[in-house]
Structure formats: structure tokens, C-alpha cells
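Trainee: query-v2.txt is reproduced in full below (compact mmCIF, C-alpha atoms).
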# COMPACT_ATOMS: atom_id res chain seq x y z
CA MET I 144 0.00 0.00 0.00
CA PRO I 145 2.74 2.57 0.78
CA ILE I 146 4.15 1.99 -2.71
CA ILE I 147 0.72 2.62 -4.22
CA TYR I 148 0.40 5.86 -2.27
CA ILE I 149 3.85 6.98 -3.38
CA ALA I 150 3.04 6.16 -7.01
CA LEU I 151 -0.19 8.14 -6.80
CA GLY I 152 1.65 11.02 -5.19
CA LEU I 153 4.27 11.11 -7.93
CA ALA I 154 1.56 10.93 -10.60
CA ALA I 155 -0.17 13.87 -8.92
CA LEU I 156 3.08 15.85 -8.98
CA VAL I 157 3.43 15.25 -12.72
CA PHE I 158 -0.19 16.27 -13.25
CA ILE I 159 0.28 19.62 -11.46
CA GLY I 160 3.39 20.40 -13.46
CA ALA I 161 6.36 19.19 -11.40
CA PRO I 162 9.55 18.90 -13.51
CA LEU I 163 9.75 15.36 -14.83
CA PHE I 164 13.38 14.89 -13.83
CA THR I 165 12.46 15.40 -10.16
CA VAL I 166 9.84 12.66 -10.38
CA ILE I 167 12.22 10.29 -12.18
CA GLY I 168 14.93 11.05 -9.63
CA ALA I 169 12.52 10.52 -6.74
CA ILE I 170 11.54 7.10 -8.07
CA SER I 171 15.23 6.16 -8.38
CA LEU I 172 16.09 7.31 -4.86
CA PHE I 173 13.08 5.58 -3.33
CA GLY I 174 13.79 2.36 -5.22
CA PHE I 175 17.41 2.12 -4.12
CA SER I 176 16.57 3.15 -0.58
CA ASN I 177 13.78 0.58 -0.36
CA GLU I 178 16.23 -2.15 -1.42
CA GLY I 179 18.81 -1.07 1.14
CA ILE I 180 21.21 0.15 -1.55
CA ASP I 181 23.16 3.37 -0.99
CA THR I 182 21.47 6.18 -2.96
CA ALA I 183 24.93 7.23 -4.14
CA ALA I 184 24.19 4.75 -6.94
CA VAL I 185 22.29 7.56 -8.67
CA ILE I 186 25.32 9.87 -8.45
CA ILE I 187 27.50 7.11 -9.85
CA GLU I 188 25.24 7.04 -12.90
CA LEU I 189 25.66 10.80 -13.27
CA TYR I 190 29.43 10.33 -13.23
CA ARG I 191 29.16 7.57 -15.83
CA LEU I 192 27.08 9.89 -18.01
CA ALA I 193 29.64 12.69 -17.68
CA SER I 194 32.48 10.36 -18.68
CA GLN I 195 30.95 9.41 -22.04
CA PRO I 196 32.75 11.13 -24.95
CA VAL I 197 29.57 11.41 -27.03
CA LEU I 198 28.07 13.65 -24.32
CA LEU I 199 30.17 16.55 -25.65
CA ALA I 200 28.18 16.48 -28.88
CA ILE I 201 24.98 17.58 -27.12
CA PRO I 202 26.01 21.13 -26.05
CA LEU I 203 28.06 21.68 -29.21
CA PHE I 204 25.29 20.75 -31.66
CA THR I 205 22.76 22.64 -29.51
CA VAL I 206 24.66 25.91 -29.55
CA ALA I 207 25.26 25.54 -33.32
CA GLY I 208 21.52 25.08 -33.84
CA TYR I 209 20.70 28.11 -31.71
CA PHE I 210 23.21 30.26 -33.62
CA LEU I 211 21.49 29.28 -36.87
CA ALA I 212 18.04 29.90 -35.39
CA GLU I 213 18.93 33.39 -34.19
CA SER I 214 20.63 34.40 -37.44
CA LYS I 215 19.08 35.02 -40.84
CA ALA I 216 19.89 31.47 -41.94
CA PRO I 217 16.19 30.46 -42.05
CA LEU I 218 15.49 33.26 -44.54
CA ARG I 219 18.40 32.19 -46.74
CA ILE I 220 17.36 28.52 -46.59
CA VAL I 221 13.79 29.31 -47.68
CA ALA I 222 14.96 31.68 -50.43
CA LEU I 223 17.33 29.09 -51.90
CA ALA I 224 14.81 26.26 -51.80
CA GLN I 225 12.12 28.44 -53.37
CA THR I 226 14.29 29.46 -56.32
CA LEU I 227 15.36 25.85 -56.98
CA ILE I 228 12.06 23.96 -56.69
CA GLY I 229 9.38 26.66 -56.71
CA TRP I 230 8.55 25.71 -60.31
CA MET I 231 7.16 22.31 -59.25
CA PRO I 232 3.48 21.71 -58.44
CA GLY I 233 3.33 22.18 -54.71
CA GLY I 234 6.85 23.55 -54.91
CA LEU I 235 6.50 26.05 -52.07
CA ALA I 236 5.07 23.36 -49.81
CA ILE I 237 8.12 21.19 -50.51
CA VAL I 238 10.32 24.22 -49.80
CA VAL I 239 8.69 24.53 -46.38
CA LEU I 240 9.01 20.80 -45.75
CA LEU I 241 12.72 20.64 -46.60
CA SER I 242 13.58 23.89 -44.83
CA CYS I 243 11.86 22.78 -41.62
CA ALA I 244 13.49 19.34 -41.79
CA VAL I 245 16.98 20.82 -42.11
CA PHE I 246 16.27 23.30 -39.35
CA THR I 247 14.89 20.63 -36.98
CA ALA I 248 17.90 18.39 -37.59
CA PHE I 249 20.20 21.15 -36.36
CA THR I 250 18.10 22.54 -33.50
CA GLY I 251 17.02 19.12 -32.24
CA GLY I 252 13.46 20.14 -31.38
CA SER I 253 10.26 20.69 -33.30
CA GLY I 254 9.14 23.50 -31.01
CA VAL I 255 12.01 25.76 -32.07
CA THR I 256 11.27 25.08 -35.74
CA ILE I 257 7.56 25.85 -35.48
CA VAL I 258 8.14 29.06 -33.56
CA ALA I 259 11.16 30.36 -35.48
CA LEU I 260 10.66 29.11 -39.04
CA GLY I 261 6.92 28.47 -38.96
CA GLY I 262 6.17 32.13 -38.37
CA LEU I 263 8.15 32.94 -41.50
CA VAL I 264 6.71 30.39 -43.94
CA PHE I 265 3.06 30.23 -42.82
CA PRO I 266 2.12 33.69 -44.22
CA ILE I 267 4.02 32.87 -47.43
CA LEU I 268 1.97 29.72 -47.94
CA ILE I 269 -1.27 31.66 -47.43
CA SER I 270 -0.18 34.39 -49.85
CA GLU I 271 0.57 31.72 -52.49
CA LYS I 272 -3.10 30.56 -52.37
CA TYR I 273 -2.62 27.43 -50.27
CA SER I 274 -5.59 26.80 -48.01
CA GLU I 275 -5.11 27.84 -44.40
CA LYS I 276 -5.89 24.32 -43.22
CA PHE I 277 -3.23 22.78 -45.46
CA ALA I 278 -0.66 25.43 -44.53
CA LEU I 279 -1.32 24.97 -40.82
CA GLY I 280 -1.08 21.19 -41.09
CA LEU I 281 2.09 21.31 -43.18
CA VAL I 282 4.01 23.64 -40.85
CA THR I 283 2.89 21.73 -37.76
CA THR I 284 3.90 18.41 -39.31
CA SER I 285 7.19 19.63 -40.77
CA GLY I 286 8.32 20.79 -37.35
CA SER I 287 9.42 17.31 -36.32
CA LEU I 288 10.42 15.63 -39.59
CA GLY I 289 14.16 16.24 -39.31
CA LEU I 290 14.83 14.17 -36.19
CA LEU I 291 16.19 11.20 -38.16
CA PHE I 292 18.92 13.23 -39.86
CA PRO I 293 22.29 14.23 -38.38
CA PRO I 294 23.12 16.05 -36.20
CA SER I 295 19.82 15.20 -34.43
CA LEU I 296 20.17 15.32 -30.63
CA PRO I 297 17.51 12.64 -30.03
CA ILE I 298 19.61 10.18 -32.05
CA ILE I 299 22.61 10.93 -29.82
CA LEU I 300 20.50 10.43 -26.69
CA TYR I 301 19.07 7.14 -27.92
CA GLY I 302 22.57 5.89 -28.75
CA THR I 303 23.73 6.83 -25.24
CA PHE I 304 20.92 4.96 -23.51
CA ALA I 305 20.78 1.96 -25.85
CA GLU I 306 24.59 1.72 -25.87
CA VAL I 307 24.81 1.58 -29.65
CA SER I 308 26.99 3.54 -32.06
CA VAL I 309 25.71 7.06 -32.67
CA ASP I 310 27.53 7.12 -36.00
CA SER I 311 25.64 3.96 -37.07
CA LEU I 312 22.36 5.54 -35.98
CA PHE I 313 23.09 8.61 -38.09
CA LYS I 314 23.63 6.33 -41.08
CA ALA I 315 20.51 4.31 -40.31
CA GLY I 316 18.25 7.36 -40.23
CA VAL I 317 18.92 8.54 -43.79
CA VAL I 318 16.61 6.24 -45.77
CA PRO I 319 13.70 6.21 -43.25
CA GLY I 320 13.93 9.98 -42.83
CA THR I 321 13.88 10.43 -46.58
CA ILE I 322 10.83 8.14 -46.88
CA LEU I 323 8.92 10.28 -44.37
CA LEU I 324 9.81 13.43 -46.31
CA LEU I 325 8.88 11.86 -49.66
CA CYS I 326 5.46 10.79 -48.42
CA VAL I 327 4.62 14.28 -47.22
CA ALA I 328 6.14 15.80 -50.38
CA LEU I 329 3.96 13.64 -52.64
CA TYR I 330 0.87 14.63 -50.69
CA SER I 331 1.90 18.29 -50.97
CA ILE I 332 2.32 17.98 -54.73
CA GLN I 333 -1.14 16.44 -54.99
CA GLN I 334 -2.66 19.25 -52.93
CA GLY I 335 -0.79 21.91 -54.89
CA SER I 336 -2.11 20.55 -58.19
CA LYS I 337 -5.61 20.17 -56.78
CA SER I 338 -5.69 23.77 -55.56
CA HIS I 339 -4.09 25.14 -58.76
CA VAL I 340 -1.43 26.94 -56.75
CA PRO I 341 0.64 29.22 -59.02
CA ARG I 342 4.16 28.09 -59.81
CA HIS I 343 7.30 30.23 -60.06
CA PRO I 344 9.37 29.59 -63.18
CA PHE I 345 13.01 28.79 -62.61
CA GLU I 346 15.28 31.80 -63.10
CA ALA I 347 19.00 31.17 -63.22
CA LYS I 348 19.90 34.68 -62.00
CA LYS I 349 17.70 34.41 -58.90
CA ALA I 350 18.98 30.91 -58.19
CA TRP I 351 22.60 32.05 -58.48
CA ALA I 352 21.92 35.03 -56.22
CA ALA I 353 20.31 32.76 -53.61
CA ILE I 354 23.25 30.34 -53.81
CA LYS I 355 25.75 33.18 -53.33
CA ALA I 356 23.75 34.49 -50.39
CA ILE I 357 23.91 31.15 -48.56
CA ALA I 358 27.27 30.00 -49.94
CA TRP I 359 28.90 29.74 -46.50
CA GLU I 360 26.06 27.68 -45.04
CA ILE I 361 25.47 25.26 -47.93
CA PRO I 362 28.52 23.06 -47.14
CA LEU I 363 27.48 22.52 -43.52
CA PRO I 364 24.97 19.62 -43.81
CA PHE I 365 27.07 17.92 -46.50
CA PHE I 366 30.17 18.27 -44.37
CA ILE I 367 28.45 16.58 -41.41
CA ILE I 368 26.70 13.87 -43.42
CA PHE I 369 29.58 12.80 -45.64
CA GLY I 370 32.12 13.21 -42.85
CA ILE I 371 30.26 10.87 -40.53
CA TYR I 372 29.11 8.43 -43.22
CA GLY I 373 32.56 8.36 -44.76
CA GLY I 374 34.17 7.57 -41.42
CA LEU I 375 36.31 10.73 -41.51
CA PHE I 376 35.31 11.74 -37.99
CA THR I 377 32.98 10.83 -35.13
CA ALA I 378 29.77 12.59 -34.12
CA THR I 379 31.61 14.39 -31.29
CA GLU I 380 34.31 15.67 -33.62
CA ALA I 381 31.65 16.76 -36.11
CA ALA I 382 29.87 18.66 -33.33
CA ALA I 383 33.01 20.59 -32.39
CA VAL I 384 33.76 21.59 -35.98
CA THR I 385 30.11 22.47 -36.65
CA ALA I 386 29.83 24.74 -33.61
CA PHE I 387 33.05 26.58 -34.47
CA TYR I 388 32.17 26.89 -38.15
CA VAL I 389 28.67 28.24 -37.49
CA PHE I 390 30.04 30.70 -34.92
CA VAL I 391 32.58 32.10 -37.39
CA VAL I 392 30.11 32.26 -40.29
CA GLU I 393 27.22 33.90 -38.44
CA VAL I 394 29.30 36.33 -36.37
CA PHE I 395 32.22 37.33 -38.59
CA ILE I 396 31.13 36.60 -42.18
CA TYR I 397 27.38 37.25 -42.31
CA LYS I 398 27.48 39.39 -39.14
CA ASP I 399 23.92 38.37 -38.26
CA LEU I 400 24.96 38.05 -34.61
CA LYS I 401 26.91 40.56 -32.58
CA LEU I 402 29.88 39.17 -30.71
CA MET I 403 29.44 41.06 -27.45
CA THR I 404 25.64 40.99 -27.13
CA ASP I 405 23.98 38.26 -29.21
CA VAL I 406 26.57 35.51 -28.75
CA PRO I 407 26.49 35.46 -24.90
CA ARG I 408 22.68 35.60 -24.95
CA VAL I 409 22.33 32.75 -27.44
CA MET I 410 24.90 30.63 -25.61
CA LYS I 411 23.05 31.17 -22.34
CA GLU I 412 19.69 30.19 -23.85
CA SER I 413 21.14 27.09 -25.50
CA MET I 414 22.90 25.93 -22.35
CA VAL I 415 19.66 26.24 -20.36
CA LEU I 416 18.21 23.63 -22.71
CA VAL I 417 21.35 21.50 -22.40
CA GLY I 418 21.15 21.72 -18.60
CA ALA I 419 17.55 20.53 -18.68
CA ILE I 420 18.50 17.63 -20.96
CA LEU I 421 21.37 16.58 -18.72
CA MET I 422 19.20 16.71 -15.60
CA ILE I 423 16.67 14.41 -17.26
CA LEU I 424 19.42 12.10 -18.54
CA GLY I 425 21.16 11.86 -15.19
CA CYS I 426 17.98 10.99 -13.30
CA ALA I 427 16.82 8.67 -16.06
CA MET I 428 20.10 6.74 -15.96
CA GLY I 429 19.68 6.38 -12.19
CA LEU I 430 16.22 4.94 -12.76
CA THR I 431 17.61 2.68 -15.49
CA SER I 432 20.22 1.32 -13.10
CA TYR I 433 17.52 0.52 -10.54
CA LEU I 434 15.29 -1.19 -13.13
CA ILE I 435 18.16 -3.34 -14.36
CA ASP I 436 19.13 -4.18 -10.78
CA GLN I 437 15.58 -5.39 -10.19
CA GLN I 438 15.62 -7.34 -13.49
CA VAL I 439 12.56 -5.43 -14.70
CA PRO I 440 13.37 -5.85 -18.45
CA GLN I 441 13.66 -9.63 -18.04
CA LYS I 442 10.42 -9.83 -16.07
CA LEU I 443 8.71 -7.60 -18.61
CA PHE I 444 9.78 -9.89 -21.44
CA GLU I 445 8.60 -12.96 -19.54
CA TYR I 446 5.20 -11.35 -19.12
CA ILE I 447 4.92 -10.11 -22.71
CA SER I 448 6.12 -13.40 -24.19
CA GLN I 449 3.17 -15.17 -22.56
CA VAL I 450 0.79 -12.93 -24.52
CA VAL I 451 2.77 -12.01 -27.63
CA SER I 452 4.42 -14.80 -29.57
CA SER I 453 5.20 -13.13 -32.90
CA LYS I 454 7.59 -10.35 -33.80
CA ILE I 455 4.97 -8.64 -35.97
CA PHE I 456 2.45 -8.46 -33.14
CA PHE I 457 5.11 -7.16 -30.77
CA LEU I 458 5.97 -4.36 -33.20
CA MET I 459 2.29 -3.42 -33.40
CA ILE I 460 2.11 -3.16 -29.61
CA LEU I 461 5.40 -1.25 -29.56
CA ASN I 462 4.07 1.35 -32.02
CA VAL I 463 0.96 1.94 -29.91
CA PHE I 464 3.05 2.18 -26.74
CA LEU I 465 5.43 4.72 -28.31
CA PHE I 466 2.52 6.77 -29.63
CA ILE I 467 1.19 7.06 -26.08
CA ILE I 468 4.63 7.93 -24.68
CA GLY I 469 5.20 10.52 -27.40
CA MET I 470 1.84 12.16 -26.73
CA MET I 471 2.57 12.47 -23.01
CA MET I 472 6.28 13.43 -23.02
CA GLU I 473 8.66 15.51 -25.07
CA ILE I 474 11.38 13.48 -26.73
CA PHE I 475 14.14 14.12 -24.19
CA SER I 476 11.96 12.75 -21.38
CA ALA I 477 10.62 9.86 -23.46
CA ILE I 478 14.17 8.53 -23.73
CA VAL I 479 13.69 7.05 -20.23
CA VAL I 480 11.76 4.08 -21.72
CA VAL I 481 14.64 3.04 -23.99
CA PRO I 482 16.40 0.77 -21.46
CA LEU I 483 13.10 -1.05 -20.96
CA ILE I 484 12.23 -1.70 -24.58
CA VAL I 485 15.72 -2.47 -25.96
CA PRO I 486 16.27 -5.76 -24.04
CA VAL I 487 12.71 -6.90 -24.77
CA ALA I 488 13.01 -6.04 -28.47
CA LYS I 489 16.27 -7.97 -28.70
CA GLN I 490 14.44 -11.09 -27.53
CA TYR I 491 12.17 -10.74 -30.56
CA GLY I 492 15.16 -10.40 -32.90
CA ILE I 493 14.87 -6.63 -33.44
CA ASP I 494 18.18 -4.87 -34.07
CA PRO I 495 18.76 -2.03 -31.53
CA ILE I 496 19.65 0.33 -34.39
CA HIS I 497 16.42 -0.48 -36.24
CA LEU I 498 14.58 -0.08 -32.94
CA GLY I 499 16.08 3.40 -32.54
CA ILE I 500 14.70 4.48 -35.91
CA ILE I 501 11.28 3.02 -35.05
CA PHE I 502 11.42 4.83 -31.70
CA LEU I 503 12.15 8.24 -33.21
CA ALA I 504 9.75 7.84 -36.16
CA ASN I 505 6.93 7.01 -33.75
CA LEU I 506 7.68 10.03 -31.60
CA GLU I 507 7.76 12.30 -34.66
CA ILE I 508 4.20 11.26 -35.45
CA ALA I 509 3.09 11.19 -31.80
CA TYR I 510 3.89 14.91 -31.57
CA LEU I 511 0.92 15.43 -33.93
CA LEU I 512 -1.61 13.23 -32.18
CA PRO I 513 -4.49 14.82 -30.28
CA PRO I 514 -5.20 15.62 -27.57
CA VAL I 515 -1.76 16.37 -26.11
CA GLY I 516 0.80 16.14 -28.95
CA LEU I 517 3.56 18.72 -28.41
CA ASN I 518 3.44 20.13 -31.95
CA LEU I 519 -0.28 20.84 -31.60
CA PHE I 520 0.34 23.11 -28.62
CA MET I 521 3.34 24.83 -30.22
CA ALA I 522 1.40 25.56 -33.44
CA SER I 523 -1.68 26.64 -31.50
CA PHE I 524 0.44 29.11 -29.54
CA ARG I 525 2.42 30.38 -32.55
CA PHE I 526 -0.47 30.80 -35.01
CA LYS I 527 -3.22 31.65 -32.50
CA ARG I 528 -5.47 28.78 -33.56
CA SER I 529 -7.38 26.39 -31.32
CA ILE I 530 -6.00 22.91 -30.60
CA GLY I 531 -9.02 21.50 -32.44
CA GLN I 532 -8.21 23.50 -35.58
CA VAL I 533 -4.57 22.42 -35.54
CA ALA I 534 -5.46 18.76 -34.86
CA SER I 535 -7.95 18.76 -37.74
CA ALA I 536 -5.36 20.25 -40.09
CA THR I 537 -2.76 17.60 -39.26
CA LEU I 538 -5.01 14.53 -39.70
CA PRO I 539 -4.25 13.99 -43.43
CA PHE I 540 -0.54 14.29 -42.72
CA ILE I 541 -0.79 11.77 -39.86
CA PHE I 542 -2.38 9.27 -42.24
CA VAL I 543 0.41 9.79 -44.81
CA LEU I 544 3.14 9.46 -42.17
CA PHE I 545 1.51 6.35 -40.73
CA ILE I 546 1.92 4.61 -44.10
CA ALA I 547 5.63 5.50 -44.03
CA LEU I 548 5.88 4.28 -40.43
CA ILE I 549 4.56 0.85 -41.43
CA LEU I 550 7.32 0.54 -44.03
CA ILE I 551 9.99 1.69 -41.57
CA THR I 552 8.75 -0.70 -38.88
CA TYR I 553 8.32 -3.87 -40.91
CA VAL I 554 11.16 -3.48 -43.43
CA PRO I 555 14.31 -3.30 -41.26
CA GLU I 556 16.55 -3.21 -44.33
CA LEU I 557 15.48 0.40 -44.87
CA SER I 558 17.15 1.34 -41.59
CA LEU I 559 20.13 -1.03 -41.84
CA TRP I 560 20.92 -0.29 -45.51
CA PHE I 561 24.02 1.85 -44.84
CA VAL I 562 24.98 0.24 -41.54
CA LYS I 563 25.85 -3.28 -42.73
Can the structure in the file be given as C-alpha cells, please?
Mentor:
Amino acid sequence: MPIIYIALGLAALVFIGAPLFTVIGAISLFGFSNEGIDTAAVIIELYRLASQPVLLAIPLFTVAGYFLAESKAPLRIVALAQTLIGWMPGGLAIVVLLSCAVFTAFTGGSGVTIVALGGLVFPILISEKYSEKFALGLVTTSGSLGLLFPPSLPIILYGTFAEVSVDSLFKAGVVPGTILLLCVALYSIQQGSKSHVPRHPFEAKKAWAAIKAIAWEIPLPFFIIFGIYGGLFTATEAAAVTAFYVFVVEVFIYKDLKLMTDVPRVMKESMVLVGAILMILGCAMGLTSYLIDQQVPQKLFEYISQVVSSKIFFLMILNVFLFIIGMMMEIFSAIVVVPLIVPVAKQYGIDPIHLGIIFLANLEIAYLLPPVGLNLFMASFRFKRSIGQVASATLPFIFVLFIALILITYVPELSLWFVK
């Protein structure tokens, strides 16, 4: 009974808005204490987290993403994409999709993309005769579609918790991430043709001007992708070079950010996010240690195996479970379930790298699911629309993405194509 009361109390704390890391940490401390184990075990996990080399990539990629977000890089990205593919049916919609995906990959969070880039592209879509419902759904959906591409922070976090190679995860995300983008792009083309949205003919002079304007930023994603995929450097090394390169370009070349005022402010804001991530990670690793000590993953598998005998059925249950987790938590908090599902998935013959892609793809879609998907709230706040309006606008996109999710889930070769 005391355990039930404590569980209800912790659930009540979450309901009234207590920081999730405090609840996770409290569960860890209570668990170890109840077993007569020194609670210093939690601190040991914090030390183990701090000693991991890949941890350095988190603050470095975060500050690089914030530098890009605070500069005029989003304007240059949209301008380039529009000049290159604005001639296609639904061209502007694809511009928005690709721009948001690139931006999300660097910032690591859909909320930043919807607030920063969404406010820029939403009025443009309306002015180009796209329906408000389609524009709202597209921007809300695009906010989380870059999480499978490097240098995505959620991929780094999954690799840390699942104890798999982050570099391999970066490689594994390319094909599934591209499939998600293609599905939404095809739907956008269909809607653009259906609505007779005007196209912009390709003009070489405008394209060349847009390329020159963004010339210093164009190499960045290619440098990261080919560097990691080619084995030239690790994710941590890529993060260090990326942060330095973006700092030099935005401060000294484009001069979008002022060295003495903007740079300290942006660094402070980015490190607040990093601090929050590390607090969640530290407490989550303490909880993971307790769960492993109590053999919870093994017991969970024993229970599930009595009900679920096939791999296909397990994957169906896993998708539903991750949808629920993604609706209730933002992605950095949802990472706490990874140590539970990885050992169970292995028993069903699911590769941990493939599982990581399934995990992130599910959460991308879960952000759009009513009633509590994170993207719904961010778009509602940014565009001053009701949750109901935003949820209605995203429903067609959810259906399209769900088709892609089925392919990603049941065809593991799509994720393991570049890894093997």
C-alpha cells in the first residue's frame, strides 16, 4: 500500500506540473533506498554519463543550432529552396518541408522550428493561395520531420541509452527519414495541383543570387553527413567543428549576430536547454540502473512473451506504446523508456539500431496526435489557432506518415541499408 500511495503522489506531482526529472529522480532514490542500496548509486550514474565522450556532442550541436536559429539562416534557406524547386506543383510546400526538416535536424526540437521558421513560412503559404488548413497542417507536421537526420540530438541520446553507435544511428536514419519526407512531399504535390497553386518559373539569376547568399552555409549539412558516413570523424568531432564553423560564419562573415551581445545571450539560452536535458538524462540513468538491478526488463519480457508470440504483433504493440509515450512526453523525457524496450526487443530479434529508428519515427508522429501532442500546442500558440483546428489540419498528414511508419517498422533493411 505505501508503494501505491507513493506512485499516486508522484503521478499527482506530474499532473500539477512538477519537472519530470524530479519525479524520475525521486523514483530512483526511493527504489534504491527501499532495497537497502546506498542512494549514491544515482550519483554514480551521473558520473558515468559525464564520462561518455559522445556527451560533448549535445552542447556543441545545440549551440550551433541556436546560432542558426537566431541568425538570418532560415530566410536564406527558404529563399534558396524556393528558387530551386518553386517551379514544381506544390513547390513552395516542398520548400517549407525541406527547410523545416533541415532546421529541426540542427536545432534538435520541433518547437524551435515551429516558432522560429513556422512564423516565416506560414504567411508565405497563405499568400501563395494554399488553403489555411493545409498550410497549418504542413508547418505543424514539418516541425518534427528532421529528427532522423544528423546532427539530431535525439539520435545521440538514444545511442547513449541503448549503448549503440551514434555514427551507425546517423547512417541508419537517412533512408527512413527520406521516406517520411517523400510521403509528405507527394501529398503536398497532390494538394498543390488540386488547388491550382501558381508556380514560379526557374530563373538562373535568382537561383545564383540565392546560392551566393547562402554559400557559406550550404557546405554545412554535407560536411556533417559525408564526414560521418565516410568515417572521416565521429559525431563528437563533427559537433566541435560544426559549432566553431557556425560561430565564425554567423558572427564574422554574415554578421547576423553581434559578438558582445547576441553571442552570450544565445549561448546562455542554448545551455539552459542543455542543462535541462542533462538533468533528465542523469535521473533517467539512475532509474535505469535501478530497473536493471531489479531485473525489470527480463520480467517484462517474460510477461509479454506469454501474450505475444510473434515479432509482428510485438511491433504493433510497440508502435501503440510509443505513440502514447510521445503524446505524453517531449522526446528528451521519453528517452527514459529506452532501457526497458531495448532488451525486450532484442528477444524478438529486433536490431537495436532499427529499434532506434522506429522509436524516433513514432515520436515524430506522436507529436501530432491529439489531444496532447507537443506540436499541436506549439502551433496553437504560434499561429493563434485552437487545438481543435490544428489537430484537424494535421489529420491527413498523420495518415500519410503512418503509411511510411509501417514501411519503416516492418522493413528493417530500410534502416540497416548503410549500416551493414
Trainee: CA of Val451 in chain I to CA of Val481 in chain I: how many Å, to one decimal?
Mentor: 19.5 Å
Trainee: Counting only C-alpha atoms, figure out which residue out of I:Tyr433, I:Ser336, I:Pro539, I:Val317 gets nearest to Glu178 in chain I.
Mentor: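 For Glu178 in chain I, the nearest of the given residues is I:Tyr433.
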Trainee: What separation in Å, quoted to one decimal, exists between CA of Met414 in chain I and CA of Leu199 in chain I?
Mentor: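 Computing it gives 12.3 Å between the two atoms.
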Trainee: If you count only C-alpha atoms, which residues fall within 8 Å of Leu324 in chain I, apart from same-chain ones fewer than 3 positions away, as a count of residues only?
Mentor: 7
Trainee: If we count only C-alpha atoms and set the cut-off at 7 Å, which residues sit around Val239 in chain I, ignoring sequence neighbours fewer than 4 positions away in its own chain? Please answer as a PyMOL selection string.
Mentor: chain I and resi 235+243+264
Trainee: For a test of reading the model, state the distance in Å between CA of Asp399 in chain I and CA of Thr250 in chain I, rounded to one decimal.
Mentor: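 Result for CA of Asp399 in chain I versus CA of Thr250 in chain I: 17.5 Å, one decimal.
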Trainee: From the list I:Asp310, I:Gly289, I:Pro486, I:Asn177, which residue is nearest Phe369 in chain I when using all atoms listed in the file?
Mentor: I:Asp310
Trainee: Residues at most 9 Å from range 297-308 of chain I, counting only C-alpha atoms, excluding those fewer than 4 positions away in the same chain, as a ChimeraX atom specification?
Mentor: /I:192,195,197-198,200-201,251-252,290-293,312-313,316,378,424,428,431,474-475,478-479,481-482,485,495-496,499-500,502-503
Trainee: Could you check which of I:Phe365, I:Glu445, I:Pro319, I:Ser523 is closest to Ile501 in chain I, using all atoms listed in the file?
Mentor: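 Closest to Ile501 in chain I of all the choices is I:Pro319.
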Trainee: Return as lines of an AutoDock Vina configuration file the box centre and box size in Å, one decimal, for an axis-aligned box around all listed atoms of range 547-560 of chain I padded by 3 Å per side.
Mentor:
center_x = 12.7
center_y = 0.8
center_z = -42.2
size_x = 22.4
size_y = 15.4
size_z = 12.6
Trainee: Would you mind listing what lies within 7 Å of range 213-226 of chain I as a list in words, with all atoms listed in the file counted and same-chain residues fewer than 3 positions away left out?
Mentor: Tyr209, Phe210, Gly229, Leu235, Val238, Ser242, Leu260, Phe345, Lys349, Ala350, Ala353, Ile354, Ala356, Ile357, Glu393, Asp399 and Leu400 of chain I
Trainee: Give the answer as one residue: which of I:Ala386, I:Ala161, I:Ile228, I:Ala419 has the shortest atom-to-atom distance to Phe249 in chain I, using only C-alpha atoms?
Mentor: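 Nearest candidate to Phe249 in chain I out of I:Ala386, I:Ala161, I:Ile228, I:Ala419: I:Ala386.
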Trainee: Between I:Pro162, I:Gly168, I:Gly174, I:Gly234, which has the minimum distance to Leu434 in chain I (counting only C-alpha atoms)?
Mentor: I:Gly174
Trainee: Could you check the closest approach to Ile367 in chain I for each of I:Phe204, I:Phe456, I:Phe390, I:Trp560 and tell me which residue wins, using only C-alpha atoms?
Mentor: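 Smallest distance to Ile367 in chain I is found for I:Phe204.
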Trainee: Tell me which protein, DNA and RNA residues are within 10 Å of Val206 in chain I, counting all atoms listed in the file, leaving out same-chain ones fewer than 5 positions away, and put them as a PyMOL selection string.
Mentor: chain I and resi 201+211-212+249-250+382+385-387+389-390+406+409-414+416-417
Trainee: Given the point (4.9, 22.8, -44.0) in the coordinates of this file, which residues lie within 12 Å, counting all atoms listed in the file, and how would they look as a PyMOL selection string?
Mentor: chain I and resi 221+233-244+256-257+260-269+273-288+324+327-328+330-331+522+536-537+540
Trainee: Can you fill out range 264-278 of chain I with N, CA and C atoms and hand it back as an mmCIF file, in the frame of the given file?
Mentor:
data_model
loop_
_atom_site.group_PDB
_atom_site.id
_atom_site.type_symbol
_atom_site.label_atom_id
_atom_site.label_comp_id
_atom_site.auth_asym_id
_atom_site.auth_seq_id
_atom_site.Cartn_x
_atom_site.Cartn_y
_atom_site.Cartn_z
ATOM 1 N N VAL I 264 7.227 31.039 -42.734
ATOM 2 C CA VAL I 264 6.710 30.390 -43.940
ATOM 3 C C VAL I 264 5.178 30.306 -43.975
ATOM 4 N N PHE I 265 4.522 30.344 -42.832
ATOM 5 C CA PHE I 265 3.060 30.230 -42.820
ATOM 6 C C PHE I 265 2.385 31.351 -43.617
ATOM 7 N N PRO I 266 2.744 32.626 -43.410
ATOM 8 C CA PRO I 266 2.120 33.690 -44.220
ATOM 9 C C PRO I 266 2.447 33.567 -45.704
ATOM 10 N N ILE I 267 3.646 33.037 -46.021
ATOM 11 C CA ILE I 267 4.020 32.870 -47.430
ATOM 12 C C ILE I 267 3.124 31.832 -48.094
ATOM 13 N N LEU I 268 2.864 30.746 -47.394
ATOM 14 C CA LEU I 268 1.970 29.720 -47.940
ATOM 15 C C LEU I 268 0.571 30.275 -48.195
ATOM 16 N N ILE I 269 0.063 31.073 -47.270
ATOM 17 C CA ILE I 269 -1.270 31.660 -47.430
ATOM 18 C C ILE I 269 -1.288 32.611 -48.624
ATOM 19 N N SER I 270 -0.233 33.415 -48.750
ATOM 20 C CA SER I 270 -0.180 34.390 -49.850
ATOM 21 C C SER I 270 -0.081 33.705 -51.215
ATOM 22 N N GLU I 271 0.438 32.469 -51.235
ATOM 23 C CA GLU I 271 0.570 31.720 -52.490
ATOM 24 C C GLU I 271 -0.678 30.884 -52.792
ATOM 25 N N LYS I 272 -1.788 31.171 -52.098
ATOM 26 C CA LYS I 272 -3.100 30.560 -52.370
ATOM 27 C C LYS I 272 -3.264 29.132 -51.844
ATOM 28 N N TYR I 273 -2.370 28.689 -50.959
ATOM 29 C CA TYR I 273 -2.620 27.430 -50.270
ATOM 30 C C TYR I 273 -3.718 27.666 -49.234
ATOM 31 N N SER I 274 -4.541 26.650 -49.006
ATOM 32 C CA SER I 274 -5.590 26.800 -48.010
ATOM 33 C C SER I 274 -4.963 26.931 -46.621
ATOM 34 N N GLU I 275 -5.639 27.654 -45.749
ATOM 35 C CA GLU I 275 -5.110 27.840 -44.400
ATOM 36 C C GLU I 275 -4.972 26.511 -43.666
ATOM 37 N N LYS I 276 -5.939 25.617 -43.891
ATOM 38 C CA LYS I 276 -5.890 24.320 -43.220
ATOM 39 C C LYS I 276 -4.675 23.520 -43.654
ATOM 40 N N PHE I 277 -4.401 23.505 -44.965
ATOM 41 C CA PHE I 277 -3.230 22.780 -45.460
ATOM 42 C C PHE I 277 -1.949 23.406 -44.936
ATOM 43 N N ALA I 278 -1.861 24.738 -44.987
ATOM 44 C CA ALA I 278 -0.660 25.430 -44.530
ATOM 45 C C ALA I 278 -0.395 25.165 -43.052
#
